[in-house]
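Below is the file start-v9.pdb, which contains PDB, C-alpha atoms, pLDDT in the B column.
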ATOM      1  CA  MET A   1      -2.986 -19.376 -21.149  1.00 63.00           C
ATOM      2  CA  ASN A   2      -4.955 -16.282 -20.340  1.00 84.00           C
ATOM      3  CA  THR A   3      -3.222 -12.949 -19.848  1.00 90.00           C
ATOM      4  CA  ALA A   4      -4.123 -12.623 -16.161  1.00 92.00           C
ATOM      5  CA  LEU A   5      -2.390 -15.929 -15.413  1.00 95.00           C
ATOM      6  CA  VAL A   6       0.722 -14.928 -17.363  1.00 96.00           C
ATOM      7  CA  LYS A   7       0.821 -11.586 -15.542  1.00 96.00           C
ATOM      8  CA  ALA A   8       0.344 -13.313 -12.182  1.00 97.00           C
ATOM      9  CA  ILE A   9       3.211 -15.735 -12.853  1.00 97.00           C
ATOM     10  CA  ALA A  10       5.501 -12.910 -14.001  1.00 97.00           C
ATOM     11  CA  LEU A  11       4.587 -10.811 -10.968  1.00 97.00           C
ATOM     12  CA  GLY A  12       5.231 -13.749  -8.618  1.00 97.00           C
ATOM     13  CA  ALA A  13       8.602 -14.506 -10.207  1.00 98.00           C
ATOM     14  CA  ILE A  14       9.771 -10.878  -9.888  1.00 97.00           C
ATOM     15  CA  ALA A  15       8.446 -10.384  -6.340  1.00 96.00           C
ATOM     16  CA  GLY A  16       9.792 -13.769  -5.197  1.00 97.00           C
ATOM     17  CA  THR A  17      13.263 -12.988  -6.537  1.00 97.00           C
ATOM     18  CA  VAL A  18      13.325  -9.669  -4.661  1.00 96.00           C
ATOM     19  CA  ALA A  19      11.988 -11.413  -1.522  1.00 96.00           C
ATOM     20  CA  GLY A  20      14.722 -14.050  -1.643  1.00 97.00           C
ATOM     21  CA  LEU A  21      17.460 -11.593  -2.565  1.00 97.00           C
ATOM     22  CA  PHE A  22      16.672  -9.077   0.205  1.00 96.00           C
ATOM     23  CA  GLY A  23      14.915 -11.114   2.900  1.00 95.00           C
ATOM     24  CA  VAL A  24      11.665  -9.179   2.664  1.00 94.00           C
ATOM     25  CA  GLY A  25       8.095 -10.300   2.039  1.00 91.00           C
ATOM     26  CA  GLY A  26       7.743  -8.839  -1.424  1.00 91.00           C
ATOM     27  CA  GLY A  27       4.499  -7.002  -0.707  1.00 90.00           C
ATOM     28  CA  VAL A  28       6.102  -3.763  -1.928  1.00 90.00           C
ATOM     29  CA  ILE A  29       6.032  -5.331  -5.402  1.00 93.00           C
ATOM     30  CA  VAL A  30       2.992  -7.621  -5.276  1.00 94.00           C
ATOM     31  CA  VAL A  31       0.535  -4.967  -4.028  1.00 91.00           C
ATOM     32  CA  PRO A  32       1.233  -2.325  -6.729  1.00 91.00           C
ATOM     33  CA  GLY A  33       1.531  -5.132  -9.309  1.00 94.00           C
ATOM     34  CA  LEU A  34      -1.944  -6.436  -8.471  1.00 95.00           C
ATOM     35  CA  VAL A  35      -3.463  -2.960  -8.491  1.00 93.00           C
ATOM     36  CA  LEU A  36      -1.823  -1.676 -11.680  1.00 93.00           C
ATOM     37  CA  TRP A  37      -1.407  -4.850 -13.765  1.00 94.00           C
ATOM     38  CA  LEU A  38      -4.356  -6.932 -12.670  1.00 95.00           C
ATOM     39  CA  ALA A  39      -6.894  -4.252 -11.698  1.00 94.00           C
ATOM     40  CA  VAL A  40      -7.393  -5.630  -8.192  1.00 94.00           C
ATOM     41  CA  SER A  41      -8.755  -3.245  -5.530  1.00 91.00           C
ATOM     42  CA  GLN A  42      -6.313  -1.966  -2.915  1.00 86.00           C
ATOM     43  CA  ARG A  43      -7.963  -3.978  -0.145  1.00 86.00           C
ATOM     44  CA  GLU A  44      -8.007  -7.265  -2.079  1.00 91.00           C
ATOM     45  CA  ALA A  45      -4.450  -6.569  -3.215  1.00 92.00           C
ATOM     46  CA  SER A  46      -3.289  -6.406   0.412  1.00 88.00           C
ATOM     47  CA  GLY A  47      -5.033  -9.672   1.291  1.00 90.00           C
ATOM     48  CA  THR A  48      -3.889 -11.490  -1.847  1.00 94.00           C
ATOM     49  CA  SER A  49      -0.324 -10.216  -1.420  1.00 93.00           C
ATOM     50  CA  THR A  50      -0.219 -11.536   2.155  1.00 92.00           C
ATOM     51  CA  ALA A  51      -1.205 -15.007   0.943  1.00 94.00           C
ATOM     52  CA  THR A  52       1.597 -15.002  -1.662  1.00 95.00           C
ATOM     53  CA  ILE A  53       4.118 -13.917   1.012  1.00 94.00           C
ATOM     54  CA  VAL A  54       3.389 -17.118   2.967  1.00 95.00           C
ATOM     55  CA  ALA A  55       4.760 -19.102   0.018  1.00 96.00           C
ATOM     56  CA  SER A  56       7.716 -16.914  -0.947  1.00 96.00           C
ATOM     57  CA  SER A  57       8.884 -16.257   2.632  1.00 95.00           C
ATOM     58  CA  ALA A  58       8.713 -19.985   3.446  1.00 97.00           C
ATOM     59  CA  ALA A  59      10.878 -20.870   0.432  1.00 97.00           C
ATOM     60  CA  ALA A  60      13.426 -18.119   1.118  1.00 97.00           C
ATOM     61  CA  MET A  61      13.479 -18.880   4.869  1.00 97.00           C
ATOM     62  CA  VAL A  62      14.310 -22.532   4.178  1.00 97.00           C
ATOM     63  CA  ALA A  63      17.058 -21.494   1.728  1.00 97.00           C
ATOM     64  CA  PHE A  64      18.650 -19.193   4.328  1.00 97.00           C
ATOM     65  CA  GLY A  65      17.939 -21.552   7.240  1.00 97.00           C
ATOM     66  CA  ILE A  66      19.636 -24.653   5.841  1.00 97.00           C
ATOM     67  CA  VAL A  67      22.934 -22.782   5.577  1.00 97.00           C
ATOM     68  CA  GLY A  68      22.618 -21.419   9.127  1.00 97.00           C
ATOM     69  CA  ASN A  69      21.636 -17.868   8.207  1.00 97.00           C
ATOM     70  CA  VAL A  70      18.649 -17.612  10.555  1.00 97.00           C
ATOM     71  CA  ASP A  71      18.962 -16.410  14.168  1.00 97.00           C
ATOM     72  CA  TRP A  72      15.921 -18.290  15.495  1.00 97.00           C
ATOM     73  CA  SER A  73      15.907 -16.891  19.034  1.00 96.00           C
ATOM     74  CA  SER A  74      16.056 -13.283  17.777  1.00 96.00           C
ATOM     75  CA  ALA A  75      13.276 -14.093  15.304  1.00 97.00           C
ATOM     76  CA  GLY A  76      11.115 -15.434  18.154  1.00 96.00           C
ATOM     77  CA  LEU A  77      11.607 -12.300  20.249  1.00 96.00           C
ATOM     78  CA  ILE A  78      10.828  -9.964  17.330  1.00 96.00           C
ATOM     79  CA  LEU A  79       7.713 -12.031  16.627  1.00 94.00           C
ATOM     80  CA  ILE A  80       6.477 -11.564  20.215  1.00 94.00           C
ATOM     81  CA  GLY A  81       6.992  -7.816  19.866  1.00 93.00           C
ATOM     82  CA  SER A  82       5.249  -7.544  16.517  1.00 88.00           C
ATOM     83  CA  VAL A  83       2.094  -9.201  17.881  1.00 86.00           C
ATOM     84  CA  ILE A  84       1.949  -6.466  20.544  1.00 86.00           C
ATOM     85  CA  GLY A  85       2.861  -3.800  17.969  1.00 85.00           C
ATOM     86  CA  ALA A  86       0.089  -4.866  15.598  1.00 79.00           C
ATOM     87  CA  TRP A  87      -2.476  -4.096  18.320  1.00 78.00           C
ATOM     88  CA  GLY A  88      -0.780  -0.803  19.153  1.00 77.00           C
ATOM     89  CA  GLY A  89      -0.442   0.158  15.499  1.00 73.00           C
ATOM     90  CA  ALA A  90      -4.164   0.009  14.870  1.00 71.00           C
ATOM     91  CA  TRP A  91      -4.648   2.288  17.880  1.00 76.00           C
ATOM     92  CA  ILE A  92      -1.965   4.721  16.663  1.00 74.00           C
ATOM     93  CA  ALA A  93      -3.337   4.725  13.091  1.00 70.00           C
ATOM     94  CA  GLU A  94      -6.653   6.119  14.309  1.00 75.00           C
ATOM     95  CA  ARG A  95      -4.985   8.966  16.202  1.00 80.00           C
ATOM     96  CA  ILE A  96      -2.176  10.171  13.966  1.00 78.00           C
ATOM     97  CA  ASN A  97      -2.117  11.847  10.551  1.00 81.00           C
ATOM     98  CA  GLU A  98      -1.209   9.053   8.138  1.00 77.00           C
ATOM     99  CA  ARG A  99       0.731  11.425   5.862  1.00 83.00           C
ATOM    100  CA  VAL A 100       2.903  12.642   8.713  1.00 83.00           C
ATOM    101  CA  LEU A 101       3.553   9.037   9.713  1.00 80.00           C
ATOM    102  CA  ALA A 102       4.313   8.001   6.114  1.00 83.00           C
ATOM    103  CA  LEU A 103       6.698  10.914   5.527  1.00 86.00           C
ATOM    104  CA  THR A 104       8.466  10.350   8.843  1.00 85.00           C
ATOM    105  CA  PHE A 105       8.871   6.691   8.002  1.00 86.00           C
ATOM    106  CA  ALA A 106      10.172   7.553   4.506  1.00 89.00           C
ATOM    107  CA  VAL A 107      12.876   9.698   6.148  1.00 90.00           C
ATOM    108  CA  VAL A 108      13.769   6.846   8.535  1.00 89.00           C
ATOM    109  CA  LEU A 109      14.074   4.471   5.551  1.00 90.00           C
ATOM    110  CA  ALA A 110      16.235   6.958   3.649  1.00 92.00           C
ATOM    111  CA  VAL A 111      18.591   7.429   6.609  1.00 92.00           C
ATOM    112  CA  ALA A 112      18.866   3.658   7.110  1.00 92.00           C
ATOM    113  CA  GLY A 113      19.430   3.227   3.355  1.00 93.00           C
ATOM    114  CA  ILE A 114      22.263   5.761   3.317  1.00 94.00           C
ATOM    115  CA  ARG A 115      23.882   4.131   6.371  1.00 92.00           C
ATOM    116  CA  MET A 116      23.825   0.779   4.603  1.00 94.00           C
ATOM    117  CA  VAL A 117      25.217   2.089   1.314  1.00 93.00           C
ATOM    118  CA  VAL A 118      28.173   4.030   2.713  1.00 86.00           C
TER     119      VAL A 118
ATOM    120  CA  MET B   1      18.659  -8.937  28.866  1.00 81.00           C
ATOM    121  CA  LEU B   2      18.945  -5.534  27.204  1.00 86.00           C
ATOM    122  CA  GLU B   3      19.119  -7.218  23.829  1.00 90.00           C
ATOM    123  CA  ILE B   4      15.998  -9.251  24.565  1.00 94.00           C
ATOM    124  CA  VAL B   5      14.080  -6.072  25.403  1.00 94.00           C
ATOM    125  CA  ALA B   6      15.486  -4.324  22.312  1.00 95.00           C
ATOM    126  CA  LEU B   7      14.464  -7.188  19.998  1.00 95.00           C
ATOM    127  CA  ILE B   8      10.924  -7.211  21.409  1.00 94.00           C
ATOM    128  CA  GLY B   9      10.939  -3.418  21.012  1.00 92.00           C
ATOM    129  CA  LEU B  10      11.939  -3.785  17.354  1.00 92.00           C
ATOM    130  CA  GLY B  11       9.028  -6.170  16.889  1.00 91.00           C
ATOM    131  CA  ILE B  12       6.608  -3.719  18.519  1.00 90.00           C
ATOM    132  CA  PHE B  13       7.818  -0.880  16.273  1.00 87.00           C
ATOM    133  CA  ALA B  14       7.635  -2.989  13.105  1.00 87.00           C
ATOM    134  CA  GLY B  15       4.239  -4.424  14.040  1.00 84.00           C
ATOM    135  CA  ALA B  16       2.898  -0.925  14.691  1.00 83.00           C
ATOM    136  CA  ILE B  17       4.221   0.410  11.366  1.00 82.00           C
ATOM    137  CA  ALA B  18       2.803  -2.617   9.542  1.00 80.00           C
ATOM    138  CA  ALA B  19      -0.615  -2.161  11.127  1.00 73.00           C
ATOM    139  CA  SER B  20      -0.777   1.599  10.600  1.00 73.00           C
ATOM    140  CA  LEU B  21       0.912   2.015   7.206  1.00 73.00           C
ATOM    141  CA  GLY B  22       0.309  -1.445   5.754  1.00 68.00           C
ATOM    142  CA  LEU B  23       4.005  -2.000   5.148  1.00 71.00           C
ATOM    143  CA  GLY B  24       5.746  -5.316   5.555  1.00 65.00           C
ATOM    144  CA  GLY B  25       8.234  -5.950   8.320  1.00 82.00           C
ATOM    145  CA  GLY B  26      11.267  -6.946   6.251  1.00 88.00           C
ATOM    146  CA  ILE B  27      11.962  -3.361   5.247  1.00 90.00           C
ATOM    147  CA  ILE B  28      12.303  -2.591   8.974  1.00 91.00           C
ATOM    148  CA  PHE B  29      13.789  -5.835  10.346  1.00 94.00           C
ATOM    149  CA  VAL B  30      16.755  -6.110   7.987  1.00 95.00           C
ATOM    150  CA  PRO B  31      18.199  -2.575   8.394  1.00 94.00           C
ATOM    151  CA  ALA B  32      17.496  -2.552  12.152  1.00 94.00           C
ATOM    152  CA  LEU B  33      19.221  -5.913  12.675  1.00 95.00           C
ATOM    153  CA  VAL B  34      22.218  -4.788  10.611  1.00 94.00           C
ATOM    154  CA  VAL B  35      22.566  -1.192  11.858  1.00 91.00           C
ATOM    155  CA  PHE B  36      21.505  -1.515  15.527  1.00 91.00           C
ATOM    156  CA  PHE B  37      22.151  -5.161  16.349  1.00 94.00           C
ATOM    157  CA  GLY B  38      25.272  -5.625  14.245  1.00 92.00           C
ATOM    158  CA  LEU B  39      24.077  -8.803  12.542  1.00 95.00           C
ATOM    159  CA  ASP B  40      25.687 -10.002   9.332  1.00 95.00           C
ATOM    160  CA  GLN B  41      23.574  -9.007   6.299  1.00 96.00           C
ATOM    161  CA  HIS B  42      22.766 -12.632   5.427  1.00 97.00           C
ATOM    162  CA  ILE B  43      21.706 -13.563   8.966  1.00 97.00           C
ATOM    163  CA  ALA B  44      19.614 -10.380   9.197  1.00 97.00           C
ATOM    164  CA  GLN B  45      17.780 -11.373   6.014  1.00 97.00           C
ATOM    165  CA  GLY B  46      17.234 -14.976   7.103  1.00 97.00           C
ATOM    166  CA  THR B  47      15.983 -13.844  10.506  1.00 97.00           C
ATOM    167  CA  SER B  48      13.660 -11.319   8.876  1.00 96.00           C
ATOM    168  CA  LEU B  49      12.133 -14.106   6.767  1.00 96.00           C
ATOM    169  CA  ALA B  50      11.650 -16.276   9.881  1.00 96.00           C
ATOM    170  CA  VAL B  51       9.519 -13.475  11.385  1.00 95.00           C
ATOM    171  CA  ILE B  52       7.653 -12.687   8.156  1.00 93.00           C
ATOM    172  CA  PHE B  53       6.550 -16.298   7.513  1.00 93.00           C
ATOM    173  CA  PRO B  54       4.404 -16.847  10.672  1.00 91.00           C
ATOM    174  CA  THR B  55       3.175 -13.230  10.549  1.00 90.00           C
ATOM    175  CA  ALA B  56       1.993 -13.736   6.956  1.00 90.00           C
ATOM    176  CA  ILE B  57       0.118 -16.934   7.894  1.00 91.00           C
ATOM    177  CA  VAL B  58      -1.830 -15.162  10.648  1.00 87.00           C
ATOM    178  CA  ALA B  59      -2.505 -12.125   8.424  1.00 86.00           C
ATOM    179  CA  THR B  60      -3.678 -14.373   5.558  1.00 90.00           C
ATOM    180  CA  VAL B  61      -6.194 -16.148   7.800  1.00 90.00           C
ATOM    181  CA  ALA B  62      -7.558 -12.761   8.899  1.00 86.00           C
ATOM    182  CA  HIS B  63      -7.726 -11.379   5.333  1.00 87.00           C
ATOM    183  CA  SER B  64      -9.246 -14.596   4.016  1.00 91.00           C
ATOM    184  CA  ARG B  65     -12.052 -14.530   6.602  1.00 92.00           C
ATOM    185  CA  MET B  66     -12.920 -11.036   5.419  1.00 90.00           C
ATOM    186  CA  GLY B  67     -12.967 -12.309   1.825  1.00 93.00           C
ATOM    187  CA  ASN B  68      -9.999 -10.195   0.770  1.00 91.00           C
ATOM    188  CA  VAL B  69      -7.862 -12.946  -0.769  1.00 94.00           C
ATOM    189  CA  ARG B  70      -8.227 -13.615  -4.517  1.00 96.00           C
ATOM    190  CA  TRP B  71      -6.974 -17.206  -4.448  1.00 97.00           C
ATOM    191  CA  ARG B  72      -7.051 -17.594  -8.248  1.00 96.00           C
ATOM    192  CA  LEU B  73      -4.335 -14.935  -8.370  1.00 97.00           C
ATOM    193  CA  ALA B  74      -2.623 -15.736  -5.070  1.00 97.00           C
ATOM    194  CA  ILE B  75      -1.896 -19.364  -6.064  1.00 97.00           C
ATOM    195  CA  PRO B  76      -0.033 -18.678  -9.355  1.00 97.00           C
ATOM    196  CA  ILE B  77       1.749 -15.650  -7.838  1.00 97.00           C
ATOM    197  CA  GLY B  78       2.743 -17.711  -4.792  1.00 97.00           C
ATOM    198  CA  ALA B  79       3.886 -20.680  -6.898  1.00 98.00           C
ATOM    199  CA  ALA B  80       6.039 -18.467  -9.132  1.00 98.00           C
ATOM    200  CA  GLY B  81       7.078 -16.649  -5.965  1.00 98.00           C
ATOM    201  CA  ILE B  82       8.542 -19.858  -4.522  1.00 98.00           C
ATOM    202  CA  ALA B  83      10.700 -20.333  -7.621  1.00 98.00           C
ATOM    203  CA  GLY B  84      11.741 -16.684  -7.566  1.00 98.00           C
ATOM    204  CA  ALA B  85      12.497 -16.770  -3.835  1.00 98.00           C
ATOM    205  CA  VAL B  86      14.754 -19.808  -4.198  1.00 98.00           C
ATOM    206  CA  LEU B  87      16.575 -18.092  -7.070  1.00 98.00           C
ATOM    207  CA  GLY B  88      16.842 -14.783  -5.188  1.00 98.00           C
ATOM    208  CA  ALA B  89      18.100 -16.513  -2.031  1.00 98.00           C
ATOM    209  CA  GLN B  90      20.741 -18.436  -4.005  1.00 97.00           C
ATOM    210  CA  ILE B  91      21.959 -15.170  -5.536  1.00 98.00           C
ATOM    211  CA  ALA B  92      22.000 -13.489  -2.089  1.00 98.00           C
ATOM    212  CA  LEU B  93      23.905 -16.374  -0.507  1.00 97.00           C
ATOM    213  CA  ARG B  94      26.593 -16.131  -3.195  1.00 97.00           C
ATOM    214  CA  LEU B  95      27.075 -12.384  -2.744  1.00 97.00           C
ATOM    215  CA  ASP B  96      29.554 -10.812  -0.346  1.00 97.00           C
ATOM    216  CA  ALA B  97      27.779  -9.464   2.784  1.00 95.00           C
ATOM    217  CA  ASN B  98      29.072  -5.920   2.225  1.00 95.00           C
ATOM    218  CA  LEU B  99      27.898  -5.837  -1.380  1.00 96.00           C
ATOM    219  CA  LEU B 100      24.502  -7.273  -0.403  1.00 97.00           C
ATOM    220  CA  ARG B 101      24.196  -4.657   2.359  1.00 96.00           C
ATOM    221  CA  ARG B 102      24.893  -1.861  -0.113  1.00 96.00           C
ATOM    222  CA  MET B 103      22.372  -3.268  -2.584  1.00 97.00           C
ATOM    223  CA  PHE B 104      19.802  -3.412   0.211  1.00 96.00           C
ATOM    224  CA  GLY B 105      20.605   0.227   1.051  1.00 96.00           C
ATOM    225  CA  VAL B 106      19.857   1.259  -2.543  1.00 96.00           C
ATOM    226  CA  PHE B 107      16.613  -0.758  -2.431  1.00 95.00           C
ATOM    227  CA  LEU B 108      15.612   1.126   0.768  1.00 94.00           C
ATOM    228  CA  LEU B 109      16.433   4.506  -0.768  1.00 95.00           C
ATOM    229  CA  LEU B 110      14.251   3.721  -3.783  1.00 94.00           C
ATOM    230  CA  LEU B 111      11.391   2.713  -1.481  1.00 92.00           C
ATOM    231  CA  ALA B 112      11.822   5.876   0.599  1.00 93.00           C
ATOM    232  CA  VAL B 113      11.676   8.065  -2.510  1.00 93.00           C
ATOM    233  CA  ARG B 114       8.607   6.227  -3.810  1.00 90.00           C
ATOM    234  CA  MET B 115       6.882   6.529  -0.450  1.00 88.00           C
ATOM    235  CA  ALA B 116       7.630  10.242  -0.074  1.00 90.00           C
ATOM    236  CA  TRP B 117       6.558  10.939  -3.664  1.00 89.00           C
ATOM    237  CA  ARG B 118       3.286   9.046  -3.197  1.00 84.00           C
ATOM    238  CA  THR B 119       2.519  10.828   0.033  1.00 83.00           C
ATOM    239  CA  TRP B 120       3.155  14.247  -1.504  1.00 82.00           C
ATOM    240  CA  ARG B 121       0.989  13.428  -4.469  1.00 80.00           C
ATOM    241  CA  ILE B 122      -1.893  12.234  -2.288  1.00 71.00           C
ATOM    242  CA  ASN B 123      -1.485  15.506  -0.388  1.00 63.00           C
ATOM    243  CA  ASP B 124      -2.016  17.454  -3.602  1.00 62.00           C
ATOM    244  CA  GLY B 125      -5.586  16.379  -4.069  1.00 50.00           C
ATOM    245  CA  PRO B 126      -8.229  13.725  -3.492  1.00 49.00           C
ATOM    246  CA  GLU B 127      -8.205  12.588  -7.146  1.00 46.00           C
ATOM    247  CA  SER B 128      -5.309  10.200  -6.640  1.00 44.00           C
ATOM    248  CA  GLU B 129      -7.417   7.062  -6.249  1.00 46.00           C
ATOM    249  CA  SER B 130      -7.152   6.245  -9.945  1.00 46.00           C
ATOM    250  CA  ASP B 131      -3.500   5.301  -9.425  1.00 48.00           C
ATOM    251  CA  PRO B 132      -2.913   4.070  -5.895  1.00 46.00           C
ATOM    252  CA  SER B 133       0.525   2.626  -6.597  1.00 43.00           C
TER     253      SER B 133
END
Can you give me the file's structure in the form of structure tokens?
Amino acid sequence: MNTALVKAIALGAIAGTVAGLFGVGGGVIVVPGLVLWLAVSQREASGTSTATIVASSAAAMVAFGIVGNVDWSSAGLILIGSVIGAWGGAWIAERINERVLALTFAVVLAVAGIRMVV
Amino acid sequence: MLEIVALIGLGIFAGAIAASLGLGGGIIFVPALVVFFGLDQHIAQGTSLAVIFPTAIVATVAHSRMGNVRWRLAIPIGAAGIAGAVLGAQIALRLDANLLRRMFGVFLLLLAVRMAWRTWRINDGPESESDPS
């Protein structure tokens, strides 16, 4: 087996485990993994990561769903909102300093993280 | 009714963050559902995945049309990802909700630190493209 394939399988296994464990997509691992390990450009890393999330989120969703751990109606409502938000986000991104947005969001994540730990 | 509006609002916020910062929704959905909507950690995670899955399909079609998907990498990563996701989900489902919530909190803190660090470093100079992690 070539090295790229071995790296890809290892990356998928790690990202998938985190995705299943925490109910996230796993892009936070796949994107930097592709860029740093497999020398993929940032743009292709985003696209490739999204494709891998289809597979890992489907598997984890089924695992949570069959034991009744999915609130389907809430999921539907959030989905409606995120379609609207995706349009709005592109508009916002062109008008706001990305660093300010990123730092603000990092603070929001930190506050949420602390609330969940304590 | 209020909850319906709030859930759509959560989606709008997460969708906007995803589109402007390129960050996935799960990092937002799970803590918001736990902290603001009072969902059990496991249900929050399952619900997050049920939003991520259709969103990822639509995003993949869009990326693929622009030629930004390297399928030769995406297929092995995705295949191993399925195995990992099943393993990760089985671990999560066996953990106590409070412990899982705390672990998620630590995961969020690590992401916040990484994000802040990256943003500061990019601020320091334009030569950061060599390591865009």
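Within 8 Å of segment 96-111 of chain A, once all atoms listed in the file are used and residues closer than 5 positions along the same chain are dropped, the contacting residues are Ser20, Leu21, Leu108, Leu109, Leu111, Ala112, Val113, Met115, Ala116, Thr119 and Asn123 of chain B.
For Gly33 of chain A, the residues within 12 Å (counting all atoms listed in the file, excluding itself and residues fewer than 6 positions away along the chain) are Ala4, Lys7, Ala8, Ile9, Ala10, Leu11, Gly12, Ala13, Ile14, Ala15, Gly26, Gly27, Ala39, Val40, Ser41, Gln42, Ala45, Ser46, Thr48 and Ser49 of chain A; Leu73, Ile77, Asp131, Pro132 and Ser133 of chain B.
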Using all atoms listed in the file, find each residue in chain A having at least one atom no more than 6 Å away from chain B; report its shortest atom-to-atom pair and that distance in Å (one decimal), rows by chain then rising number, as CSV.
residue,atom,partner,partner_atom,distance
A:Ala8,CA,B:Ile77,CA,5.1
A:Ile9,CA,B:Ile77,CA,5.2
A:Gly12,CA,B:Ile77,CA,4.0
A:Ala13,CA,B:Gly84,CA,4.6
A:Gly16,CA,B:Gly81,CA,4.0
A:Thr17,CA,B:Gly84,CA,4.1
A:Ala19,CA,B:Ala85,CA,5.9
A:Gly20,CA,B:Ala85,CA,4.1
A:Leu21,CA,B:Gly88,CA,4.2
A:Gly23,CA,B:Gln45,CA,4.2
A:Val24,CA,B:Gly26,CA,4.2
A:Pro32,CA,B:Ser133,CA,5.0
A:Glu44,CA,B:Asn68,CA,4.5
A:Gly47,CA,B:Val69,CA,4.8
A:Thr48,CA,B:Val69,CA,4.4
A:Thr50,CA,B:Thr60,CA,5.6
A:Ala51,CA,B:Thr60,CA,5.3
A:Thr52,CA,B:Gly78,CA,4.3
A:Val54,CA,B:Ala56,CA,5.4
A:Ala55,CA,B:Gly78,CA,5.4
A:Ser56,CA,B:Ile82,CA,4.7
A:Ser57,CA,B:Phe53,CA,5.4
A:Ala58,CA,B:Phe53,CA,5.9
A:Ala59,CA,B:Ile82,CA,5.6
A:Ala60,CA,B:Ala85,CA,5.2
A:Met61,CA,B:Leu49,CA,5.3
A:Phe64,CA,B:Gly46,CA,5.2
A:Asn69,CA,B:Ile43,CA,4.4
A:Val70,CA,B:Gly46,CA,4.6
A:Asp71,CA,B:Thr47,CA,5.4
A:Ala75,CA,B:Val51,CA,5.5
A:Leu77,CA,B:Ile8,CA,5.3
A:Ile78,CA,B:Gly11,CA,4.2
A:Leu79,CA,B:Val51,CA,5.7
A:Gly81,CA,B:Gly11,CA,4.0
A:Ser82,CA,B:Gly11,CA,4.0
A:Ile84,CA,B:Ile12,CA,5.8
A:Gly85,CA,B:Ile12,CA,3.8
A:Ala86,CA,B:Gly15,CA,4.5
A:Gly88,CA,B:Ala16,CA,5.8
A:Gly89,CA,B:Ala16,CA,3.6
A:Ala90,CA,B:Ala19,CA,5.6
A:Ala93,CA,B:Ser20,CA,4.7
A:Leu103,CA,B:Ala116,CA,5.7
A:Ala106,CA,B:Ala112,CA,4.6
A:Leu109,CA,B:Ala112,CA,5.6
A:Ala110,CA,B:Leu109,CA,5.1
A:Gly113,CA,B:Gly105,CA,4.0
A:Met116,CA,B:Gly105,CA,4.8
A:Val117,CA,B:Arg102,CA,4.2
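One finds atom CA of Thr3 of chain A at 10.3 Å from atom CA of Trp37 of chain A.
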For a test of reading the model, state the distance in Å between atom CA of Ser73 of chain A and atom CA of Gly25 of chain A, rounded to one decimal. 19.8 Å
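Taking atom CA of Trp91 of chain A and atom CA of Arg43 of chain A as endpoints, the distance between them is 19.4 Å.
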Any chance you could turn segment 66-102 of chain B into a file with C-alpha atoms, as an mmCIF file, in the first residue's frame?
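Resulting contents of part23.cif:
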data_model
loop_
_atom_site.group_PDB
_atom_site.id
_atom_site.type_symbol
_atom_site.label_atom_id
_atom_site.label_comp_id
_atom_site.auth_asym_id
_atom_site.auth_seq_id
_atom_site.Cartn_x
_atom_site.Cartn_y
_atom_site.Cartn_z
ATOM 1 C CA MET B 66 -16.263 23.194 -8.462
ATOM 2 C CA GLY B 67 -13.757 20.327 -8.655
ATOM 3 C CA ASN B 68 -12.700 20.672 -5.028
ATOM 4 C CA VAL B 69 -13.192 17.054 -3.947
ATOM 5 C CA ARG B 70 -10.200 14.685 -4.193
ATOM 6 C CA TRP B 71 -12.205 11.459 -4.389
ATOM 7 C CA ARG B 72 -9.118 9.212 -4.259
ATOM 8 C CA LEU B 73 -8.544 10.549 -0.746
ATOM 9 C CA ALA B 74 -12.175 11.119 0.233
ATOM 10 C CA ILE B 75 -13.150 7.462 -0.365
ATOM 11 C CA PRO B 76 -10.532 5.808 1.911
ATOM 12 C CA ILE B 77 -10.941 8.547 4.551
ATOM 13 C CA GLY B 78 -14.730 8.164 4.417
ATOM 14 C CA ALA B 79 -14.572 4.355 4.551
ATOM 15 C CA ALA B 80 -12.247 4.401 7.571
ATOM 16 C CA GLY B 81 -14.409 7.214 8.923
ATOM 17 C CA ILE B 82 -17.470 4.945 8.939
ATOM 18 C CA ALA B 83 -15.617 2.365 11.034
ATOM 19 C CA GLY B 84 -14.303 5.063 13.357
ATOM 20 C CA ALA B 85 -17.725 6.702 13.682
ATOM 21 C CA VAL B 86 -19.382 3.421 14.658
ATOM 22 C CA LEU B 87 -16.647 2.829 17.244
ATOM 23 C CA GLY B 88 -16.838 6.406 18.559
ATOM 24 C CA ALA B 89 -20.643 6.275 18.783
ATOM 25 C CA GLN B 90 -20.527 2.965 20.679
ATOM 26 C CA ILE B 91 -18.080 4.487 23.167
ATOM 27 C CA ALA B 92 -20.276 7.612 23.520
ATOM 28 C CA LEU B 93 -23.428 5.554 24.052
ATOM 29 C CA ARG B 94 -21.743 3.620 26.869
ATOM 30 C CA LEU B 95 -20.574 6.756 28.676
ATOM 31 C CA ASP B 96 -22.575 8.575 31.333
ATOM 32 C CA ALA B 97 -24.165 11.771 29.916
ATOM 33 C CA ASN B 98 -22.442 13.998 32.488
ATOM 34 C CA LEU B 99 -19.018 12.539 31.765
ATOM 35 C CA LEU B 100 -19.590 12.823 28.005
ATOM 36 C CA ARG B 101 -20.689 16.451 28.451
ATOM 37 C CA ARG B 102 -17.511 17.253 30.368
#
